[in-house]
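Worksheet: one structure, shown below.
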Amino acid sequence: MLREEIENLIERAIHKKAFVERPDDFNYGDFSTNVAIKEKIDPQEIADKLKESPLFEKVEVVNGFINFFLKPEHFLENLSQVLKQKEEYGSSNVGKGKTIVIDYSGPNIAKSFGIGHLRSTIIGQAIYNLYKFLGYKCIGDNHLGDWGTQFGKLIFQIELKIKNEKLKIHELTIDDLERLYVEFHKEAEQNPVLNDEARAWFKKLEDGDKKAKEIWQACKEISLKEFARIYSLLGVKIDNTLGESFYVDKMQPIFEEMKDKDLTKQSEGAWVVEFPNNELSSLVLMKSDGATTYYLRDLATIKYRLKKWKPNIIVYEVGVDQSLYFKQLFKTVDLLGWAKDVRFEHIVHGLMRSKTGKFSTRKGDTIHLEDVLKEAINKAKELSGEKNKELAKQVGIGAVKYNDLSQHHSRDIVFDWDKILNLKGNSGPYLQYTFARTQSVLEKAGGSPTSVKINKVDFEVLEEIEKILLKKLSHFNEAIEQAAITFSPNLICNYVFDLAQSFNLFYNEIQILKADTELQKQFRLALTFGVGQVIKNSLTILGIESPNKM
RNA sequence: GCUCUUGUAGUUUAAUUGGAUAAAAUGAUGGCUUCCGGAGCCAUUGUUGCAGGUUCGAGUCCUGCCAGGAGCACCA
């Protein structure tokens, strides 16, 4: 990367580590560094040493900063690369030979796919796509919440209905399941004994009770059907769906290992884990009735993933409300000494809150993702006319995804219908529209530019906006690299929205098809193609479609 | 109670190991099409919650306060 190259140049010149950044104003150069200020060296001296490098057109000192201006050939050459590499442009092999396991989505069985799970699904998928683009071997795992005490609650409630109301389990819908779950919590509030009943049912389930298993199986099937519909609507495919129940028979050895290594002890009948120096609060590994907890299941999951995939990185795209838990989990893995050189990362996402507070499944206060998606599609339909259903879907879903991805993942999002359905301004459809525009121009010109003599173009005579576009096009690699390092798809959004804005300005100011000379026209077409390609590559990483017309 | 976390135009957000004039969208108002797509473009808004501190330089780091959110043993 260019940035590192310049950093190395500086280091060789002054024997000090330097950090080179992208100034946000092109007047301050293409790259700049504050190393002279930091190290109290005369900046001019450094500038003089570096200005001989073939990379630079000029090196300037302003306010103690050293600003580097790249030779224009660099940007022209970059555009040639876009034309040549197309959908490969921006991809790399930095991740070659490395494996990353990405745990995302993870909806809970027997609850409908709520708006809250949208974030994990979309951000997780974007990170998956991003790392793949960078050459990593990616393994997506949808860790379904299909085991645990909540099934005790549900089974208890369903069992009651079977007895009293002759309920038939195969006739249940996902809404019924959700209603039963809410009902249980309402009644348990009046009568806390019910919680014990629920725990007992879960214990039975874990011990292989036939009736419990049957009800659980039915719930799982009902839910999976619903999830499949949502995933197809979202255009998301996750490599593996190994839910928690997959690990039921893999927990005993882990429990034994924990005991052998003296990491767990009994307290009030339960097996708990306490951390050295009490740096983290303690956690129940196995309940006093002998039933397992999510904690033990997660350890089994990690063991399985390490063995099966030998990953270098395991990331969890899970809400911020579990951050303490993941610290505890990762610390436990550390204490077990399982994977000293594997990196564990909890990519938090902020909670999706309603204007009045937190959405709660227990209280039945949820917004169903499917409703949101359908509403978005309807709104897109209004704008595009009824004629094209597929397009309305691409646009509507794109809007919902972009809305989420464009905000920093760790921040809470207050759910707002108007905002999530936004089709204008900084939105998915804006980018799709801009892309469609580039395709339309190219089509009118008779196809993509193939034999443009970009090296014949004189950078200096270009219009200002052309220079800017050309430069911004060359920042794509850095944008995705940064996004990957920080697990922040919103950086890609920032970048590509800014690029699209510049293109629309260019489009309004400058004639493409009616340029003065043939070379100029070809160059502008090449720019148009380049911008379209980079928008498309960005959207693809974000998991958003790029229709040619809209 | 303890721990973590957030506070930026009216609203929703952005801001590259601390960097140069804090940037967008949205809402409102006005304007732009003899010409490549008007889901577009242009023009008009700031005590970064408050008070200190560190630094050449603070939205970013530290301290205190105020206000929200999350978590803290048999839920996940």
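We name chains A, B, ... following the order of the structure tokens; residues begin at 1 in each chain, and ligands are numbered from 1 as shown.
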- Message: I need the helix (DSSP H, G or I) residues of segment 303-532 of chain A per DSSP on the backbone, written as a ChimeraX atom specification.
- Response: /A:303-309,320-336,369-384,389-405,417-420,428-444,454-456,459-461,464-473,476-485,490-509,518-532
- Item | Interface residues on chain B facing chain A, 6 Å, only C-alpha atoms (C1' of nucleotides), written as a list in words | A25, C36, A70, A73 and C74 of chain B
- Message: I want to know what sits within 7 Å of segment 51-64 of chain B, based on only C-alpha atoms (C1' of nucleotides), with residues of the same chain fewer than 5 positions away left out; could you give that as a list in words?
- Response: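 In the requested format, the answer is U8, G18 and G19 of chain B.
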- Message: Can you pull out the residues contacting U45 of chain B? Cut-off 12 Å, using only C-alpha atoms (C1' of nucleotides), and skip same-chain residues under 3 positions away; I want them as a VMD selection string.
- Response: chain B and resid 9 to 10 27 to 28
- Query: Lys58 of chain A: which residues within 12 Å, counting only C-alpha atoms (C1' of nucleotides), same-chain residues fewer than 3 positions away excluded, as a list in words?
  - Reply: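 The residues that qualify are Tyr28, Gly29, Asp30, Phe31, Ser32, Ala47, Asp48, Lys49, Leu50, Lys51, Glu52, Ser53, Pro54, Leu55, Val61, Ile66, Asn67, Phe68, Phe69, Leu70, Lys71 and Pro72 of chain A.
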Report as a CSV table (one decimal) with C-alpha atoms, in the first residue's frame: the residues of segment 53-211 of chain A with a DSSP assignment of strand (DSSP E), based on the backbone of this structure.
chain,number,residue,atom,x,y,z
A,56,PHE,CA,5.9,12.7,-5.6
A,57,GLU,CA,5.1,15.6,-7.8
A,58,LYS,CA,5.9,17.9,-4.9
A,59,VAL,CA,6.4,17.9,-1.2
A,60,GLU,CA,5.2,20.9,0.7
A,61,VAL,CA,5.5,22.1,4.3
A,62,VAL,CA,2.5,23.9,5.9
A,65,PHE,CA,2.9,19.3,8.5
A,66,ILE,CA,4.6,17.7,5.5
A,67,ASN,CA,2.2,17.3,2.6
A,68,PHE,CA,2.8,14.9,-0.2
A,69,PHE,CA,1.4,15.4,-3.7
A,70,LEU,CA,1.5,12.2,-5.8
A,99,THR,CA,-9.3,-18.3,8.1
A,100,ILE,CA,-11.9,-16.3,9.9
A,101,VAL,CA,-15.0,-17.7,11.5
A,102,ILE,CA,-17.9,-15.2,11.7
A,103,ASP,CA,-20.7,-15.9,14.1
A,137,LYS,CA,-11.2,-18.0,3.9
A,138,CYS,CA,-14.5,-17.0,5.6
A,139,ILE,CA,-16.7,-19.3,7.5
A,140,GLY,CA,-20.1,-18.0,8.4
A,141,ASP,CA,-21.9,-19.7,11.3
- Message: Taking 3 positions as the minimum chain separation for residues in the same chain, which residues sit within 12 Å of Glu11 of chain A when counting only C-alpha atoms (C1' of nucleotides)? Answer as a PyMOL selection string.
- Response: chain A and resi 4-8+14-20+33+35-36+46+49-50
- Message: Report, in Å to a single decimal, how far apart atom C1' of U6 of chain B and atom CA of Glu279 of chain A are.
- Response: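 Separation between atom CA of Glu279 of chain A and atom C1' of U6 of chain B: 23.6 Å.
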- Message: Considering only C-alpha atoms (C1' of nucleotides), can you say which of B:C65, B:G31, B:U16, B:U5 comes closest to U44 of chain B?
- Response: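 That would be B:G31, the residue with the smallest distance to U44 of chain B.
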- Excluding Phe151 of chain A and any residue of its chain fewer than 2 positions from it, enumerate the residues within 12 Å of it, using only C-alpha atoms (C1' of nucleotides), and give them as a VMD selection string. (chain A and resid 108 to 111 145 to 149 153 to 159 177 to 178 180 to 181 184 195 197 to 206 212 to 220 245) or (chain B and resid 75 to 76)
